file upload16.cif (mmCIF, C-alpha atoms and all ligand atoms)
data_start
#
loop_
_atom_site.label_atom_id
_atom_site.label_comp_id
_atom_site.auth_asym_id
_atom_site.auth_seq_id
_atom_site.Cartn_x
_atom_site.Cartn_y
_atom_site.Cartn_z
CA MET A 8 5.59 -29.01 22.13
CA THR A 9 7.71 -26.63 20.18
CA SER A 10 7.59 -22.95 21.13
CA ARG A 11 8.18 -21.90 17.54
CA LYS A 12 5.01 -20.28 16.18
CA PRO A 13 4.34 -21.59 12.67
CA LEU A 14 4.77 -19.08 9.84
CA VAL A 15 3.21 -19.37 6.39
CA VAL A 16 4.25 -16.79 3.79
CA GLY A 17 2.93 -16.33 0.27
CA ASN A 18 5.60 -15.37 -2.24
CA TRP A 19 3.64 -13.86 -5.12
CA LYS A 20 6.76 -13.47 -7.29
CA MET A 21 6.09 -11.41 -10.45
CA ASN A 22 2.34 -12.05 -10.49
CA THR A 23 -0.85 -9.96 -10.20
CA THR A 24 -1.60 -6.37 -11.18
CA VAL A 25 -1.83 -3.81 -8.38
CA PRO A 26 -5.65 -4.02 -8.08
CA GLU A 27 -5.53 -7.81 -8.23
CA GLY A 28 -2.88 -7.82 -5.52
CA VAL A 29 -4.89 -5.58 -3.20
CA ASP A 30 -7.95 -7.81 -3.68
CA LEU A 31 -5.88 -10.93 -3.07
CA ALA A 32 -4.39 -9.47 0.12
CA ARG A 33 -7.85 -8.59 1.46
CA ALA A 34 -9.13 -12.06 0.63
CA VAL A 35 -6.13 -13.69 2.32
CA ALA A 36 -6.74 -11.64 5.48
CA ALA A 37 -10.38 -12.68 5.52
CA ALA A 38 -9.61 -16.37 5.02
CA THR A 39 -6.59 -17.09 7.21
CA HIS A 40 -7.12 -16.00 10.79
CA PHE A 41 -5.70 -18.38 13.39
CA ASP A 42 -4.23 -17.06 16.63
CA SER A 43 -1.59 -19.75 16.62
CA ILE A 44 -0.20 -19.12 13.11
CA GLU A 45 1.69 -16.13 11.69
CA VAL A 46 0.78 -15.28 8.10
CA GLY A 47 2.58 -13.07 5.59
CA VAL A 48 2.45 -12.08 1.94
CA LEU A 49 5.27 -10.88 -0.29
CA PRO A 50 3.76 -8.87 -3.17
CA PRO A 51 5.79 -7.19 -5.93
CA PHE A 52 7.36 -3.84 -4.98
CA THR A 53 4.78 -1.86 -6.95
CA HIS A 54 2.01 -3.26 -4.75
CA LEU A 55 3.67 -3.08 -1.37
CA TRP A 56 2.42 0.22 -0.04
CA LEU A 57 -1.19 -0.29 -1.08
CA VAL A 58 -1.20 -3.88 0.15
CA ALA A 59 0.27 -2.73 3.46
CA GLN A 60 -2.57 -0.20 3.76
CA ALA A 61 -5.14 -2.86 2.93
CA LEU A 62 -3.69 -5.14 5.61
CA THR A 63 -3.43 -2.54 8.39
CA GLU A 64 -5.04 -3.91 11.51
CA THR A 65 -5.22 -7.41 10.11
CA HIS A 66 -3.11 -10.35 11.24
CA VAL A 67 -1.32 -10.60 7.87
CA GLY A 68 2.18 -9.15 7.65
CA VAL A 69 3.52 -7.68 4.45
CA GLY A 70 7.02 -8.11 3.12
CA ALA A 71 9.28 -7.57 0.12
CA GLN A 72 10.71 -10.27 -2.11
CA ASN A 73 14.14 -8.69 -2.31
CA LEU A 74 16.15 -5.58 -1.47
CA TYR A 75 19.52 -3.99 -2.17
CA TRP A 76 22.04 -3.47 0.60
CA GLU A 77 22.92 0.20 0.00
CA GLU A 78 20.99 2.93 1.81
CA LYS A 79 20.36 5.15 -1.21
CA GLY A 80 22.01 6.55 -4.30
CA ALA A 81 22.76 5.75 -7.93
CA PHE A 82 21.45 2.17 -8.08
CA THR A 83 18.83 2.31 -10.81
CA GLY A 84 15.99 -0.11 -10.30
CA GLU A 85 16.92 -1.13 -6.77
CA ILE A 86 15.02 -0.79 -3.48
CA SER A 87 16.82 -0.04 -0.22
CA PRO A 88 16.03 -1.32 3.27
CA ALA A 89 15.48 2.28 4.41
CA MET A 90 12.54 2.43 1.98
CA LEU A 91 10.91 -0.60 3.60
CA ARG A 92 11.67 0.25 7.19
CA GLY A 93 8.86 0.93 9.61
CA TRP A 94 5.97 -0.46 7.63
CA CYS A 95 7.16 -3.69 5.99
CA ARG A 96 7.41 -6.61 8.39
CA PHE A 97 9.58 -8.95 6.34
CA VAL A 98 12.01 -9.20 3.51
CA LEU A 99 13.01 -12.37 1.67
CA VAL A 100 16.67 -12.78 0.70
CA GLY A 101 18.44 -15.53 -1.18
CA HIS A 102 15.48 -16.97 -3.06
CA SER A 103 16.74 -19.45 -5.64
CA GLU A 104 15.35 -17.36 -8.49
CA ARG A 105 17.50 -14.46 -7.26
CA ARG A 106 20.49 -16.77 -7.02
CA HIS A 107 20.02 -18.65 -10.29
CA VAL A 108 18.24 -16.20 -12.62
CA PHE A 109 19.91 -13.02 -11.35
CA GLY A 110 23.27 -14.41 -10.29
CA GLU A 111 23.20 -13.50 -6.59
CA THR A 112 26.02 -14.99 -4.56
CA ASP A 113 26.12 -16.16 -0.96
CA GLN A 114 28.01 -12.94 -0.19
CA ASP A 115 25.24 -10.84 -1.73
CA VAL A 116 22.74 -12.69 0.45
CA ASN A 117 24.87 -11.91 3.49
CA ARG A 118 25.06 -8.20 2.62
CA LYS A 119 21.29 -8.10 2.15
CA LEU A 120 20.69 -9.86 5.45
CA HIS A 121 22.86 -7.37 7.33
CA ALA A 122 21.25 -4.40 5.58
CA ALA A 123 17.76 -5.63 6.45
CA LEU A 124 18.69 -6.27 10.09
CA ARG A 125 20.19 -2.78 10.38
CA HIS A 126 16.79 -1.44 9.37
CA GLN A 127 14.78 -3.49 11.84
CA LEU A 128 13.22 -5.76 9.22
CA ARG A 129 12.51 -9.42 9.82
CA VAL A 130 14.36 -11.52 7.27
CA ILE A 131 13.55 -14.84 5.64
CA VAL A 132 16.75 -16.38 4.28
CA ALA A 133 16.15 -18.96 1.55
CA VAL A 134 18.55 -21.83 0.92
CA GLY A 135 18.36 -25.00 -1.16
CA GLU A 136 20.15 -27.33 -3.53
CA THR A 137 19.66 -27.86 -7.26
CA GLU A 138 18.64 -31.21 -8.68
CA ALA A 139 22.21 -31.88 -9.86
CA GLU A 140 23.55 -31.12 -6.39
CA ARG A 141 21.03 -33.49 -4.80
CA ASP A 142 21.85 -36.21 -7.34
CA ALA A 143 25.54 -35.75 -6.55
CA GLY A 144 24.81 -36.26 -2.85
CA THR A 145 25.92 -32.73 -1.93
CA THR A 146 22.64 -31.34 -0.55
CA VAL A 147 23.92 -30.87 3.00
CA THR A 148 27.26 -29.43 1.85
CA VAL A 149 25.51 -26.89 -0.37
CA VAL A 150 22.95 -25.87 2.24
CA ASN A 151 25.65 -25.59 4.93
CA ARG A 152 27.75 -23.40 2.62
CA GLN A 153 24.75 -21.15 1.96
CA LEU A 154 24.05 -20.91 5.69
CA ASP A 155 27.67 -20.32 6.73
CA ALA A 156 28.23 -17.58 4.16
CA GLY A 157 24.73 -16.16 4.40
CA PHE A 158 24.91 -15.81 8.20
CA ALA A 159 28.52 -14.62 8.36
CA ALA A 160 29.04 -12.04 11.12
CA VAL A 161 25.39 -12.15 12.20
CA ASP A 162 25.00 -11.35 15.89
CA VAL A 163 23.25 -14.02 17.90
CA ARG A 164 20.96 -11.32 19.32
CA ASP A 165 19.53 -10.74 15.84
CA LEU A 166 18.59 -14.38 15.31
CA ALA A 167 15.10 -13.84 16.71
CA ARG A 168 14.39 -11.68 13.66
CA ILE A 169 15.49 -14.30 11.14
CA ASP A 170 13.66 -17.28 9.67
CA VAL A 171 15.15 -19.76 7.20
CA ALA A 172 13.26 -21.24 4.24
CA TYR A 173 14.60 -24.52 2.92
CA GLU A 174 13.55 -24.69 -0.71
CA PRO A 175 15.02 -27.42 -2.90
CA VAL A 176 15.42 -25.73 -6.28
CA TRP A 177 14.10 -28.80 -8.12
CA ALA A 178 10.84 -28.56 -6.17
CA ILE A 179 10.09 -24.89 -6.88
CA GLY A 180 7.22 -24.44 -9.30
CA THR A 181 7.69 -27.96 -10.64
CA GLY A 182 5.01 -29.90 -8.80
CA LYS A 183 7.82 -32.17 -7.53
CA THR A 184 7.60 -31.71 -3.76
CA ALA A 185 10.26 -33.15 -1.48
CA THR A 186 8.76 -35.99 0.52
CA PRO A 187 8.00 -35.05 4.12
CA ALA A 188 10.96 -37.21 5.20
CA GLU A 189 13.36 -35.54 2.72
CA ALA A 190 12.18 -32.09 3.74
CA GLN A 191 12.40 -32.94 7.45
CA ASP A 192 15.89 -34.29 6.98
CA VAL A 193 17.30 -31.10 5.51
CA CYS A 194 15.32 -28.80 7.82
CA ALA A 195 16.78 -30.72 10.78
CA GLN A 196 20.25 -30.25 9.27
CA VAL A 197 19.61 -26.53 8.95
CA ARG A 198 18.63 -26.33 12.62
CA CYS A 199 21.67 -28.36 13.56
CA ARG A 200 24.03 -26.07 11.61
CA LEU A 201 22.53 -22.94 13.14
CA THR A 202 22.83 -24.48 16.59
CA GLU A 203 26.49 -25.33 15.97
CA HIS A 204 27.10 -21.68 15.07
CA PHE A 205 24.91 -19.84 17.52
CA GLY A 206 24.23 -22.27 20.35
CA THR A 207 20.72 -22.71 21.72
CA PRO A 208 19.23 -19.62 19.99
CA GLY A 209 20.06 -21.33 16.69
CA ALA A 210 17.62 -24.10 17.55
CA ASP A 211 14.80 -21.58 17.97
CA VAL A 212 15.07 -20.17 14.43
CA ARG A 213 11.97 -21.09 12.46
CA VAL A 214 12.73 -23.28 9.48
CA LEU A 215 10.12 -23.22 6.71
CA TYR A 216 9.82 -25.60 3.79
CA GLY A 217 9.07 -24.32 0.29
CA GLY A 218 8.72 -25.97 -3.09
CA SER A 219 5.39 -27.05 -4.59
CA VAL A 220 3.53 -26.94 -1.29
CA THR A 221 -0.17 -27.54 -1.93
CA ALA A 222 -3.32 -27.89 0.13
CA ALA A 223 -2.94 -31.64 -0.39
CA ASN A 224 0.62 -32.09 0.91
CA ALA A 225 0.86 -29.31 3.51
CA VAL A 226 -0.46 -31.23 6.52
CA GLN A 227 2.17 -33.92 6.17
CA LEU A 228 5.00 -31.48 5.53
CA PHE A 229 4.08 -29.18 8.39
CA GLY A 230 3.63 -32.16 10.70
CA GLN A 231 7.39 -32.83 10.64
CA ALA A 232 9.25 -31.96 13.80
CA ASP A 233 11.64 -29.44 12.24
CA ILE A 234 9.31 -27.79 9.72
CA ASP A 235 7.78 -24.64 11.16
CA GLY A 236 5.61 -23.59 8.24
CA GLY A 237 6.05 -22.82 4.57
CA LEU A 238 7.06 -20.40 1.86
CA ILE A 239 4.38 -20.78 -0.77
CA GLY A 240 4.67 -19.70 -4.41
CA GLY A 241 2.03 -20.78 -6.92
CA ALA A 242 -0.57 -21.84 -4.38
CA SER A 243 -0.38 -18.47 -2.60
CA LEU A 244 -2.12 -16.84 -5.57
CA LYS A 245 -5.31 -18.84 -4.97
CA VAL A 246 -7.05 -17.80 -1.78
CA ALA A 247 -8.74 -21.13 -1.03
CA ASP A 248 -5.52 -23.08 -1.54
CA PHE A 249 -3.45 -20.65 0.50
CA ALA A 250 -6.03 -20.64 3.31
CA ALA A 251 -6.00 -24.44 3.40
CA ILE A 252 -2.19 -24.42 3.57
CA VAL A 253 -2.25 -21.92 6.43
CA ALA A 254 -4.79 -24.08 8.27
CA ALA A 255 -2.46 -27.05 7.81
CA ALA A 256 0.14 -25.28 9.93
CA LYS A 257 -1.96 -25.64 13.05
CA GLN A 258 0.35 -27.79 15.07
CA PRO A 259 -0.79 -31.38 15.11
CA ALA A 260 -1.06 -32.74 18.63
CA GLY A 261 2.16 -34.37 19.65
CA ARG A 262 4.42 -32.46 17.26
CA MET A 263 7.66 -32.10 19.10
CA GLY A 264 10.19 -29.32 18.67
P1 LIG A 301 6.22 -22.86 -5.45
O1 LIG A 301 7.30 -21.74 -5.10
O2 LIG A 301 5.34 -23.03 -4.23
O3 LIG A 301 5.46 -22.32 -6.64
O4 LIG A 301 6.96 -24.10 -5.77
C1 LIG A 301 7.87 -21.65 -3.83
C2 LIG A 301 8.86 -20.51 -3.78
O5 LIG A 301 9.55 -20.27 -4.78
O6 LIG A 301 8.97 -19.82 -2.75
#
call {"tool": "encode", "arguments": {"input": "upload16.cif", "output": "structure tokens"}}
result
Amino acid sequence: MTSRKPLVVGNWKMNTTVPEGVDLARAVAAATHFDSIEVGVLPPFTHLWLVAQALTETHVGVGAQNLYWEEKGAFTGEISPAMLRGWCRFVLVGHSERRHVFGETDQDVNRKLHAALRHQLRVIVAVGETEAERDAGTTVTVVNRQLDAGFAAVDVRDLARIDVAYEPVWAIGTGKTATPAEAQDVCAQVRCRLTEHFGTPGADVRVLYGGSVTAANAVQLFGQADIDGGLIGGASLKVADFAAIVAAAKQPAGRMG
């Protein structure tokens, strides 16, 4: 059996008001307790502190959807890792909406990863190809490029604080999930690339799948050998759906790492 504890994280994106977010966080904590699964939520910045308070002494970790790499200063509208340090468990970097809507580069992702690690945050690094890239047969090339640049100069000792989320861009918010075999294929490639770079510790990095995960398809996706959980967008806003997805991450007997 794999020693990688499954992780399921809800990425709320730009959804919910502050009171709705606090209620949602409480409901998620009440509905998702399994000793064998790590659970997290990524609310908008405005909600983070209150949600963190609401989740104190629960099993649910709180994290940010983004950050900027500078410590402080004249960067209007940005949030620094120092502001999240000490009470936020995670931060997500490299989400495809950051890359494609806001123009973030692989180098930006790398700067953010280093900044977060310097401030003792856990980091979820998102990678994934567009539909055109998949159609052109370049999925692995694109994902390897994102990994190579994203992880540049990362110390192997910091790997234990990093998870990767493989999210095909064409599957995000579209209802078009990758098949379990397609998702497994790329997640295995991710693990292979990290192992080439970092040796054995690279194989222990958790690799999540994201992109239209639902209560209906989660069991099959999470049953794949190299998929260690999920990054959940739309379905993370509905407690019953999210709870069912978390429950699906209980490792099926015989799943091998
Ligand atoms: P989705 O989003 O589950 O709504 O497809 C996933 C994500 O963007 O992390």
call {"tool": "residues_near_ligand", "arguments": {"input": "upload16.cif", "ligand": "ligand LIG 301 (chain A)", "cutoff": "8 Å", "atoms": "all atoms listed in the file", "output": "ChimeraX atom specification"}}
result
/A:17-18,20,102-104,174,178-182,184,217-221,238-243
call {"tool": "atom_distance", "arguments": {"input": "upload16.cif", "atom1": "CA of Cys95 (chain A)", "atom2": "CA of Gly135 (chain A)"}}
result
25.1 Å
call {"tool": "closest_residue", "arguments": {"input": "upload16.cif", "among": "A:Ala222, A:Ala232, A:Ala123, A:Val134", "to": "Ala247 (chain A)", "atoms": "all atoms listed in the file"}}
result
A:Ala222
call {"tool": "residues_around", "arguments": {"input": "upload16.cif", "residues": "Asp115 (chain A)", "least_positions_apart": "2", "cutoff": "12 Å", "atoms": "only C-alpha atoms", "output": "PyMOL selection string"}}
result
chain A and resi 73-77+100-102+105-106+109-113+117-122+132+153+156-159
call {"tool": "residues_around", "arguments": {"input": "upload16.cif", "residues": "Val69 (chain A)", "least_positions_apart": "2", "cutoff": "7 Å", "atoms": "only C-alpha atoms", "output": "list of chain:residue names"}}
result
A:Gly47, A:Val48, A:Leu49, A:Ala59, A:Val67, A:Cys95, A:Arg96, A:Phe97
call {"tool": "atom_distance", "arguments": {"input": "upload16.cif", "atom1": "CA of Thr186 (chain A)", "atom2": "CA of Ala256 (chain A)"}}
result
16.7 Å
call {"tool": "closest_residue", "arguments": {"input": "upload16.cif", "among": "A:Gln127, A:Lys245, A:Glu140, A:Val116", "to": "Met90 (chain A)", "atoms": "only C-alpha atoms"}}
result
A:Gln127
call {"tool": "residues_around", "arguments": {"input": "upload16.cif", "residues": "region 11-14 of chain A", "least_positions_apart": "2", "cutoff": "6 Å", "atoms": "all atoms listed in the file", "output": "list in words"}}
result
Thr9, Ile44, Glu45, Val46, Asp235 and Gly236 of chain A
call {"tool": "residues_around", "arguments": {"input": "upload16.cif", "residues": "Ala195 (chain A)", "least_positions_apart": "3", "cutoff": "12 Å", "atoms": "all atoms listed in the file", "output": "ChimeraX atom specification"}}
result
/A:147,150-151,171,173,187-192,198-202,209-216,231-235,264
call {"tool": "closest_residue", "arguments": {"input": "upload16.cif", "among": "A:Ser10, A:Thr24, A:Thr145, A:Thr53", "to": "Gln72 (chain A)", "atoms": "all atoms listed in the file"}}
result
A:Thr53
call {"tool": "atom_distance", "arguments": {"input": "upload16.cif", "atom1": "CA of Ile252 (chain A)", "atom2": "CA of Ala225 (chain A)"}}
result
5.8 Å
call {"tool": "closest_residue", "arguments": {"input": "upload16.cif", "among": "A:Asp42, A:Glu64, A:Asp170, A:Asp162", "to": "Val130 (chain A)", "atoms": "all atoms listed in the file"}}
result
A:Asp170
call {"tool": "build_atoms", "arguments": {"input": "upload16.cif", "residues": "region 224-235 of chain A", "atoms": "all heavy atoms", "output": "CSV table (one decimal), in the coordinates of the input"}}
result
chain,number,residue,atom,x,y,z
A,224,ASN,N,-0.6,-31.5,0.2
A,224,ASN,CA,0.6,-32.1,0.9
A,224,ASN,C,1.1,-31.3,2.2
A,224,ASN,O,2.0,-31.7,2.9
A,224,ASN,CB,1.8,-32.2,-0.1
A,224,ASN,CG,2.2,-30.9,-0.7
A,224,ASN,OD1,2.1,-29.8,0.0
A,224,ASN,ND2,2.8,-30.9,-1.9
A,225,ALA,N,0.4,-30.2,2.4
A,225,ALA,CA,0.9,-29.3,3.5
A,225,ALA,C,0.8,-30.0,4.9
A,225,ALA,O,1.7,-29.8,5.7
A,225,ALA,CB,0.1,-28.0,3.5
A,226,VAL,N,-0.3,-30.7,5.2
A,226,VAL,CA,-0.5,-31.2,6.5
A,226,VAL,C,0.7,-32.1,6.9
A,226,VAL,O,1.3,-32.0,7.9
A,226,VAL,CB,-1.8,-32.0,6.7
A,226,VAL,CG1,-1.9,-32.8,8.0
A,226,VAL,CG2,-3.0,-31.1,6.6
A,227,GLN,N,1.1,-33.0,5.9
A,227,GLN,CA,2.2,-33.9,6.2
A,227,GLN,C,3.5,-33.2,6.3
A,227,GLN,O,4.3,-33.5,7.2
A,227,GLN,CB,2.3,-34.9,5.0
A,227,GLN,CG,1.3,-36.0,5.1
A,227,GLN,CD,2.0,-37.3,4.8
A,227,GLN,OE1,2.7,-37.4,3.7
A,227,GLN,NE2,1.9,-38.3,5.6
A,228,LEU,N,3.7,-32.2,5.4
A,228,LEU,CA,5.0,-31.5,5.5
A,228,LEU,C,5.1,-30.7,6.9
A,228,LEU,O,6.1,-30.8,7.6
A,228,LEU,CB,5.1,-30.5,4.4
A,228,LEU,CG,5.4,-31.1,3.0
A,228,LEU,CD1,5.1,-30.2,1.9
A,228,LEU,CD2,6.9,-31.5,2.9
A,229,PHE,N,4.0,-30.0,7.2
A,229,PHE,CA,4.1,-29.2,8.4
A,229,PHE,C,4.0,-30.0,9.7
A,229,PHE,O,4.2,-29.5,10.8
A,229,PHE,CB,2.9,-28.1,8.4
A,229,PHE,CG,3.0,-27.2,7.2
A,229,PHE,CD1,1.9,-26.4,6.9
A,229,PHE,CD2,4.1,-27.0,6.5
A,229,PHE,CE1,1.9,-25.5,5.9
A,229,PHE,CE2,4.2,-26.1,5.4
A,229,PHE,CZ,3.1,-25.4,5.1
A,230,GLY,N,3.7,-31.3,9.5
A,230,GLY,CA,3.6,-32.2,10.7
A,230,GLY,C,5.0,-32.7,11.1
A,230,GLY,O,5.2,-33.3,12.1
A,231,GLN,N,6.0,-32.4,10.3
A,231,GLN,CA,7.4,-32.8,10.6
A,231,GLN,C,8.0,-32.0,11.8
A,231,GLN,O,7.7,-30.8,11.8
A,231,GLN,CB,8.3,-32.7,9.4
A,231,GLN,CG,7.8,-33.5,8.2
A,231,GLN,CD,7.6,-35.0,8.5
A,231,GLN,OE1,8.6,-35.6,8.9
A,231,GLN,NE2,6.4,-35.5,8.2
A,232,ALA,N,8.8,-32.6,12.6
A,232,ALA,CA,9.2,-32.0,13.8
A,232,ALA,C,10.0,-30.7,13.5
A,232,ALA,O,9.9,-29.7,14.3
A,232,ALA,CB,10.1,-32.9,14.6
A,233,ASP,N,10.8,-30.6,12.5
A,233,ASP,CA,11.6,-29.4,12.2
A,233,ASP,C,11.1,-28.5,11.2
A,233,ASP,O,11.9,-27.6,10.7
A,233,ASP,CB,13.1,-29.9,11.9
A,233,ASP,CG,13.7,-30.4,13.2
A,233,ASP,OD1,14.0,-29.6,14.1
A,233,ASP,OD2,14.0,-31.6,13.3
A,234,ILE,N,9.9,-28.7,10.7
A,234,ILE,CA,9.3,-27.8,9.7
A,234,ILE,C,8.3,-26.9,10.4
A,234,ILE,O,7.3,-27.4,10.9
A,234,ILE,CB,8.7,-28.6,8.6
A,234,ILE,CG1,9.8,-29.5,7.9
A,234,ILE,CG2,8.0,-27.7,7.5
A,234,ILE,CD1,9.3,-30.3,6.7
A,235,ASP,N,8.6,-25.6,10.4
A,235,ASP,CA,7.8,-24.6,11.2
A,235,ASP,C,6.9,-23.8,10.3
A,235,ASP,O,6.5,-22.7,10.7
A,235,ASP,CB,8.7,-23.7,11.9
A,235,ASP,CG,9.7,-24.5,12.8
A,235,ASP,OD1,9.2,-25.4,13.5
A,235,ASP,OD2,10.9,-24.1,12.9
